[in-house]
Each structure stands twice: as structure tokens, then as C-alpha cells.
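Here's the structure we're looking at; comments come further down.
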Amino acid sequence: MKLAVPDLISNSYFPAVAAVELGFFKEEGLDVSLELVFPVDRAYEAMRDGAVDFVGGSAHSALAAFPDWRGAKLLCAQAQGMYWFLVMRADIGATRGDVGVVRGRRIGAAPWVEMGLRRLLIEAGIDLQRDAVTIAPVPGASGAGVNFGLTAAKALEDGKIDGFWANGMGTEVAVRRGVGTVILDVRRGDGPKPCFNYTMASLAATDRLIDSSPETAAAAIRAIVKAQTALREGPGRAAEVGRKLFPPNESALIAELIRRDLPFYDASISPDFVAGMNQFARDFGILQGDIPYDKVVAARFAGLWQS
């Protein structure tokens, strides 16, 4: 079986990556390999087309391949909350929470990921057209095998963009190099309150898989929960995974990034989250109507979300 993630050298989807690399899928009787499929909409399209079995990506992005949640469901959360950071060039001199710094600037963001930033800025009172905010793909990020956060950090350092909206690894690299300043970290309280529930890192599967093999779906959830538990009990185990998959510099950073993320490691998907995500999706025009919770989430497995 195959599990697609849209970014690999990252903390964003690390519970899913760790579940594969630390053997928790195997413990559950599933032979699962990782596939890097960027951007996230292509990962969900690959799942729709049967090329992969699971996607560990941003929850709202399932709508790219499954309009109005027809044909797929979220199995569990990898972590709670919208997990991207707004980082601006350090020489701009902006401070934490200063959303207005985006006026007249070029911000790099991946497809479908950028929706979270656009809606956040609108909620914060920014008019993207009036305030001349350009949000576009990061130069050089479209090639196969490219890891978005690291590419964004390099583009920022090279002056190709004024800021980026990307994962914690890209953020950490930019900050440590002295080229970036964190402006928004939504999971830790920055930005308008509704933004927390725009999306989350989740694990998704098709209705076809869930209905034909519920035991496989259940085993996948248990593997994610085991990975979350193992990382909570020993964040240093993240370095074990990093040494297998990451370049040396990023391998040295991953355990600290995971330690920071542990408060958000909760596999549950609440009705409040789904209501917030669906409202965001409707506001953005990628969802029609009020889709019930059990059409979005495979709620029959809720009892597996706690370790």
C-alpha cells in the first residue's frame, strides 16, 4: 500500500511518516510505503485514481479531488490546527503579529495551501487587490521531489520572494539563517481565531477503501496513534526517522520541531473543527452546501483516536 504526503522534509506530516518509518503500520499488518506527491491536490487526485491508498495532507485539500466530500473521508488527525507559518524577510523589520507587512509584497505559497493565507488575510482586514498583495507559487518549487518549505526558505534568502507561507521546517531554516522573521503562527494563537480550524494535517482514505476494508482503515488509524504516542514519549525518536530521510542539517532540527508540536498531537476530529473547515471552504467557493460531519469524517472509527 502507498501513503502520499505532499512534503517530506517537514514536521507537517511527521506522524504519518513516523508511522511508516518506525514500523507502526507494519505492526498493524499493513505494508505501507511513502510517496512524495506535490502539490497536495495531486496527492488527493492520486488517491482518487487508485495510485495511492492514503493521503497524509491538509484536510481541506481533499476537496480538490472529491467535490463536496463525495468519495473520501478523513480517518484521523495527525495534529490539530492550521500548521503553516507566515515568514517575511528579516531585513523588512516586521514584528510578530504585524499582518499589514504583506502590503505590496510577494508571498510564496503552494497550491491549495495558499487558500489558508488568503482567507486569513481577508479576515484580518487585508484587501489583496487594494493592498497589492501577490500570493503565488515559490520559484523552483514545481519540480518532482522538491520539498516546499526548504525551497521557500532558499527563495527568501535569494530575494526571489518577500515572504512565504509554509511549514515549520522551512520556517526554522529561514530563521536560523537570519533571513526570515516569523509573523504568524496560527496554531500558537496568531491571527484571527477562526483560522485555527481552516484545516489540519489529517489522514484520509477513499470511501471505497473504508467500505471494502474497514479493518485496513482501522489499522491505519491505530498506526498513526501509535506514532503520536511514541513521539510524545520520546521526541528523540524523530531524529531516528530524520537520519533515514532528511539531509543532515534538517535531520538535526526535526526532533526539536516535533517536541514543539507535541501539544497538538491528538488524532481526534471534532465537529467544531469540521464546521470551521467547511465554513472556510464555503467562503472560498470550494464547497457547496452544509455537509454533515459524518460525510466528512469516518466517525465509526472515533473510538480509535485515543491511545
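Chain labels follow the order of the C-alpha cells: the first chain is A, the next B, and so on; residue numbering restarts at 1 in every chain, and ligands are counted from 1 in their shown order.
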
List the neighbours of stretch 205-221 of chain A out to 8 Å using only C-alpha atoms; skip same-chain residues closer than 3 positions along the sequence, and give me the result as a VMD selection string.
chain A and resid 25 28 to 30 47 to 48 53 to 55 71 to 76 224 to 225 301 304 to 305

Using only C-alpha atoms, find each residue of stretch 111-212 of chain A with at least one atom at most 6 Å away from an atom of stretch 77-99 of chain A; report its shortest atom-to-atom pair and that distance in Å (one decimal), sort the rows by chain and rising residue number, and return the result as a tab-separated table.
residue	atom	partner	partner_atom	distance
A:Asp162	CA	A:Arg89	CA	5.6
A:Gly163	CA	A:Met88	CA	4.0
A:Phe164	CA	A:Val87	CA	5.4
A:Trp165	CA	A:Leu86	CA	4.6
A:Ala166	CA	A:Trp84	CA	5.0
A:Asn167	CA	A:Trp84	CA	5.0
A:Val179	CA	A:Ala90	CA	5.1
A:Gly180	CA	A:Ala90	CA	4.5
A:Thr181	CA	A:Ala90	CA	5.1
A:Val182	CA	A:Val87	CA	4.5
A:Ile183	CA	A:Arg96	CA	4.3
A:Leu184	CA	A:Leu86	CA	4.9
A:Asp185	CA	A:Phe85	CA	5.0
A:Arg187	CA	A:Gly81	CA	5.6
A:Phe196	CA	A:Gly81	CA	4.9
A:Asn197	CA	A:Gly81	CA	5.7
A:Thr199	CA	A:Met82	CA	5.1
A:Met200	CA	A:Gly81	CA	4.9
A:Ala201	CA	A:Gln78	CA	5.3
A:Ser202	CA	A:Ala77	CA	4.2

Å distance separating atom CA of A:Gly242 from atom CA of A:Ala230, one decimal place
15.0 Å

Just asking: which residues within stretch 143-176 of chain A are helix (DSSP H, G or I) according to DSSP, as a list in words?
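The residues of stretch 143-176 of chain A classed as helix (DSSP H, G or I) are Phe148, Gly149, Leu150, Thr151, Ala152, Ala153, Lys154, Ala155, Leu156, Glu157, Gly168, Met169, Gly170, Thr171, Glu172, Val173, Ala174, Val175 and Arg176 of chain A.
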
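Restricting the calculation to only C-alpha atoms, the smallest distance between A:Arg118 and any of A:Ala255, A:Ala299, A:Ala51, A:Asp283 is found for A:Asp283.
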
Nearby residues (only C-alpha atoms) at most 9 Å from stretch 16-18 of chain A, same-chain spacing under 3 positions excluded, as an MDAnalysis selection string
chainID A and resid 3 5 8 13 21:24 34 56 78 202:203 223:224 227:228 231 237:238 241

Let's have the selection written as a compact mmCIF listing (two decimals), in the first residue's frame, with all heavy atoms.
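Here's the written file selection.txt:
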# COMPACT_ATOMS: atom_id res chain seq x y z
N LEU A 3 1.17 5.53 0.91
CA LEU A 3 0.69 6.72 1.63
C LEU A 3 1.39 7.93 1.03
O LEU A 3 2.63 8.02 1.08
CB LEU A 3 1.00 6.59 3.13
CG LEU A 3 0.37 7.60 4.09
CD1 LEU A 3 0.49 7.09 5.53
CD2 LEU A 3 1.01 8.98 4.01
N VAL A 5 2.36 11.89 0.84
CA VAL A 5 2.48 13.16 1.56
C VAL A 5 2.98 14.21 0.57
O VAL A 5 3.78 13.90 -0.31
CB VAL A 5 3.42 13.07 2.78
CG1 VAL A 5 2.85 12.14 3.84
CG2 VAL A 5 4.82 12.61 2.36
N LEU A 8 7.94 16.16 2.50
CA LEU A 8 8.56 15.10 3.28
C LEU A 8 9.55 15.64 4.30
O LEU A 8 9.52 15.24 5.46
CB LEU A 8 9.27 14.11 2.34
CG LEU A 8 9.87 12.87 2.98
CD1 LEU A 8 8.80 12.06 3.72
CD2 LEU A 8 10.54 12.00 1.92
N TYR A 13 3.70 16.52 8.37
CA TYR A 13 3.04 15.22 8.24
C TYR A 13 3.88 14.13 8.91
O TYR A 13 3.83 12.97 8.53
CB TYR A 13 2.81 14.92 6.75
CG TYR A 13 2.22 16.11 6.04
CD1 TYR A 13 2.94 16.81 5.07
CD2 TYR A 13 0.97 16.61 6.41
CE1 TYR A 13 2.42 17.95 4.47
CE2 TYR A 13 0.45 17.75 5.82
CZ TYR A 13 1.18 18.41 4.86
OH TYR A 13 0.66 19.55 4.28
N GLU A 21 8.03 4.76 9.00
CA GLU A 21 9.46 4.51 9.20
C GLU A 21 9.78 3.84 10.54
O GLU A 21 10.81 3.17 10.65
CB GLU A 21 10.23 5.84 9.08
CG GLU A 21 10.17 6.46 7.70
CD GLU A 21 10.78 5.56 6.64
OE1 GLU A 21 11.79 4.88 6.93
OE2 GLU A 21 10.25 5.52 5.51
N LEU A 22 8.94 4.02 11.54
CA LEU A 22 9.17 3.37 12.83
C LEU A 22 8.43 2.03 12.95
O LEU A 22 8.46 1.38 14.00
CB LEU A 22 8.75 4.29 13.98
CG LEU A 22 9.57 5.58 14.12
CD1 LEU A 22 9.02 6.44 15.25
CD2 LEU A 22 11.05 5.29 14.33
N GLY A 23 7.77 1.62 11.86
CA GLY A 23 7.21 0.28 11.80
C GLY A 23 5.83 0.09 12.38
O GLY A 23 5.38 -1.05 12.57
N PHE A 24 5.10 1.20 12.63
CA PHE A 24 3.78 1.05 13.26
C PHE A 24 2.72 0.54 12.28
O PHE A 24 1.80 -0.17 12.68
CB PHE A 24 3.36 2.35 13.92
CG PHE A 24 4.25 2.73 15.07
CD1 PHE A 24 4.96 3.92 15.06
CD2 PHE A 24 4.40 1.88 16.14
CE1 PHE A 24 5.80 4.26 16.10
CE2 PHE A 24 5.25 2.20 17.20
CZ PHE A 24 5.95 3.40 17.17
N LEU A 34 6.00 5.19 1.67
CA LEU A 34 5.74 6.63 1.50
C LEU A 34 5.93 7.03 0.05
O LEU A 34 6.84 6.55 -0.64
CB LEU A 34 6.71 7.44 2.35
CG LEU A 34 6.46 7.50 3.85
CD1 LEU A 34 7.65 8.16 4.53
CD2 LEU A 34 5.17 8.27 4.15
N GLY A 56 -1.70 11.71 3.60
CA GLY A 56 -1.44 12.47 4.82
C GLY A 56 -1.16 13.90 4.42
O GLY A 56 -0.01 14.23 4.10
N GLN A 78 -3.53 14.09 12.17
CA GLN A 78 -2.13 13.91 12.56
C GLN A 78 -1.78 14.90 13.67
O GLN A 78 -0.98 14.59 14.55
CB GLN A 78 -1.21 14.11 11.37
CG GLN A 78 -1.37 13.06 10.28
CD GLN A 78 -0.31 13.21 9.22
OE1 GLN A 78 0.89 13.17 9.49
NE2 GLN A 78 -0.75 13.41 7.98
N SER A 202 -4.12 15.74 8.34
CA SER A 202 -5.01 14.59 8.59
C SER A 202 -4.53 13.37 7.81
O SER A 202 -3.58 13.45 7.04
CB SER A 202 -6.44 14.94 8.17
OG SER A 202 -6.48 15.23 6.78
N LEU A 203 -5.21 12.26 8.03
CA LEU A 203 -5.04 11.07 7.22
C LEU A 203 -6.39 10.80 6.57
O LEU A 203 -7.42 10.78 7.26
CB LEU A 203 -4.63 9.87 8.06
CG LEU A 203 -4.36 8.57 7.27
CD1 LEU A 203 -3.05 8.69 6.49
CD2 LEU A 203 -4.32 7.35 8.20
N ALA A 223 -2.05 2.92 13.61
CA ALA A 223 -0.63 3.19 13.33
C ALA A 223 -0.29 4.66 13.58
O ALA A 223 0.76 4.97 14.15
CB ALA A 223 -0.31 2.80 11.89
N ILE A 224 -1.17 5.56 13.16
CA ILE A 224 -0.93 6.99 13.39
C ILE A 224 -0.93 7.30 14.89
O ILE A 224 -0.07 8.02 15.40
CB ILE A 224 -1.98 7.84 12.67
CG1 ILE A 224 -1.91 7.65 11.15
CG2 ILE A 224 -1.83 9.32 13.04
CD1 ILE A 224 -0.64 8.13 10.51
N ALA A 227 2.20 6.19 16.48
CA ALA A 227 3.31 7.10 16.17
C ALA A 227 3.24 8.35 17.04
O ALA A 227 4.26 8.81 17.57
CB ALA A 227 3.29 7.46 14.69
N GLN A 228 2.04 8.93 17.17
CA GLN A 228 1.89 10.10 18.03
C GLN A 228 2.32 9.78 19.46
O GLN A 228 3.03 10.57 20.10
CB GLN A 228 0.43 10.57 18.02
CG GLN A 228 -0.03 11.17 16.70
CD GLN A 228 -1.53 11.40 16.66
OE1 GLN A 228 -2.29 10.66 17.29
NE2 GLN A 228 -1.95 12.41 15.93
N LEU A 231 6.13 9.38 19.79
CA LEU A 231 6.84 10.66 19.71
C LEU A 231 6.62 11.48 20.98
O LEU A 231 7.52 12.19 21.44
CB LEU A 231 6.39 11.43 18.47
CG LEU A 231 6.83 10.79 17.15
CD1 LEU A 231 6.10 11.43 15.97
CD2 LEU A 231 8.35 10.90 16.96
N ARG A 237 12.99 10.17 19.10
CA ARG A 237 12.81 9.16 18.04
C ARG A 237 12.62 9.81 16.67
O ARG A 237 12.83 9.16 15.64
CB ARG A 237 11.63 8.24 18.36
CG ARG A 237 11.82 7.42 19.63
CD ARG A 237 10.89 6.25 19.68
NE ARG A 237 11.24 5.21 18.70
CZ ARG A 237 10.53 4.10 18.51
NH1 ARG A 237 9.43 3.90 19.22
NH2 ARG A 237 10.90 3.21 17.62
N ALA A 238 12.23 11.08 16.68
CA ALA A 238 12.10 11.80 15.40
C ALA A 238 13.44 11.88 14.68
O ALA A 238 13.50 11.82 13.45
CB ALA A 238 11.56 13.20 15.66
N VAL A 241 14.09 8.89 12.51
CA VAL A 241 13.44 8.99 11.20
C VAL A 241 14.18 9.99 10.32
O VAL A 241 14.42 9.75 9.13
CB VAL A 241 11.97 9.41 11.36
CG1 VAL A 241 11.30 9.60 10.00
CG2 VAL A 241 11.21 8.38 12.19

Between atom CA of A:Ala174 and atom CA of A:Val133, what is the spacing in Å?
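Distance between the two atoms: 21.1 Å.
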
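For stretch 181-259 of chain A, the set of residues given strand (DSSP E or B) by DSSP on the backbone reads A:Thr181, A:Val182, A:Ile183, A:Leu184, A:Asp185, A:Ala201, A:Ser202, A:Leu203, A:Ala204, A:Ala205, A:Thr206.
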
Do a neighbour search on A:Ile286 at 12 Å with only C-alpha atoms, toss out local chain neighbours closer than 6 positions, and write the hits as a tab-separated table (two decimals) with N, CA and C atoms, in the first residue's frame.
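What ended up in out_24.tsv:
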chain	number	residue	atom	x	y	z
A	60	HIS	N	-8.59	20.13	4.18
A	60	HIS	CA	-9.50	20.80	3.24
A	60	HIS	C	-9.16	20.48	1.79
A	61	SER	N	-7.89	20.11	1.54
A	61	SER	CA	-7.46	19.89	0.16
A	61	SER	C	-8.04	18.64	-0.46
A	62	ALA	N	-8.67	17.78	0.34
A	62	ALA	CA	-9.38	16.63	-0.24
A	62	ALA	C	-10.43	17.08	-1.24
A	63	LEU	N	-10.93	18.30	-1.06
A	63	LEU	CA	-11.96	18.81	-1.96
A	63	LEU	C	-11.45	19.02	-3.38
A	64	ALA	N	-10.13	19.03	-3.56
A	64	ALA	CA	-9.57	19.16	-4.91
A	64	ALA	C	-9.94	17.98	-5.79
A	65	ALA	N	-10.05	16.80	-5.18
A	65	ALA	CA	-10.34	15.59	-5.95
A	65	ALA	C	-11.69	14.97	-5.60
A	66	PHE	N	-12.27	15.40	-4.48
A	66	PHE	CA	-13.53	14.83	-4.01
A	66	PHE	C	-14.51	15.97	-3.71
A	67	PRO	N	-15.12	16.56	-4.76
A	67	PRO	CA	-16.00	17.71	-4.56
A	67	PRO	C	-17.11	17.40	-3.56
A	68	ASP	N	-17.36	18.36	-2.68
A	68	ASP	CA	-18.42	18.24	-1.67
A	68	ASP	C	-18.27	16.97	-0.83
A	69	TRP	N	-17.01	16.52	-0.69
A	69	TRP	CA	-16.68	15.35	0.14
A	69	TRP	C	-17.29	14.05	-0.38
A	112	TRP	N	-3.33	25.29	-3.08
A	112	TRP	CA	-4.27	24.85	-2.04
A	112	TRP	C	-3.81	25.26	-0.64
A	115	MET	N	-4.68	28.97	0.05
A	115	MET	CA	-6.05	29.37	0.40
A	115	MET	C	-6.15	29.79	1.86
A	277	MET	N	-13.79	24.24	9.20
A	277	MET	CA	-13.18	23.95	7.91
A	277	MET	C	-14.18	24.10	6.78
A	278	ASN	N	-15.38	23.58	6.97
A	278	ASN	CA	-16.39	23.68	5.92
A	278	ASN	C	-16.81	25.12	5.67
A	279	GLN	N	-16.88	25.94	6.73
A	279	GLN	CA	-17.19	27.35	6.53
A	279	GLN	C	-16.09	28.04	5.73
A	280	PHE	N	-14.86	27.76	6.06
A	280	PHE	CA	-13.73	28.28	5.30
A	280	PHE	C	-13.84	27.86	3.83

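Closest to A:Val186 among A:Arg300, A:Lys226, A:Gly116, A:Ala43 is A:Gly116, based on only C-alpha atoms.
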
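Distances to A:Arg119 were evaluated for A:Ala267, A:Ile135, A:Val40, A:Ala19 using only C-alpha atoms, and the minimum falls at A:Ile135.
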
Applying 12 Å and only C-alpha atoms, which residues near A:Pro271 remain after dropping the ones on its own chain fewer than 2 positions away? List them as a PyMOL selection string.
chain A and resi 197+268-269+273-278+291-297+299+302

May I ask which of the residues A:Leu36, A:Ala239, A:Leu117, A:Phe246 is the closest one to A:Phe284, counting only C-alpha atoms?
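Looking at the shortest contact to A:Phe284, the residue is A:Leu117.
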
Residue neighbourhood A:Glu250, 10 Å, only C-alpha atoms, exclusion window fewer than 6 positions, as a ChimeraX atom specification
/A:9-10,150,169-170,172-173,239,242-243

For A:Gly125, which residue among A:Leu245, A:Val52, A:Ile107, A:Val102 is the nearest when counting only C-alpha atoms?
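Once distances to A:Gly125 are computed over only C-alpha atoms, the minimum belongs to A:Val102.
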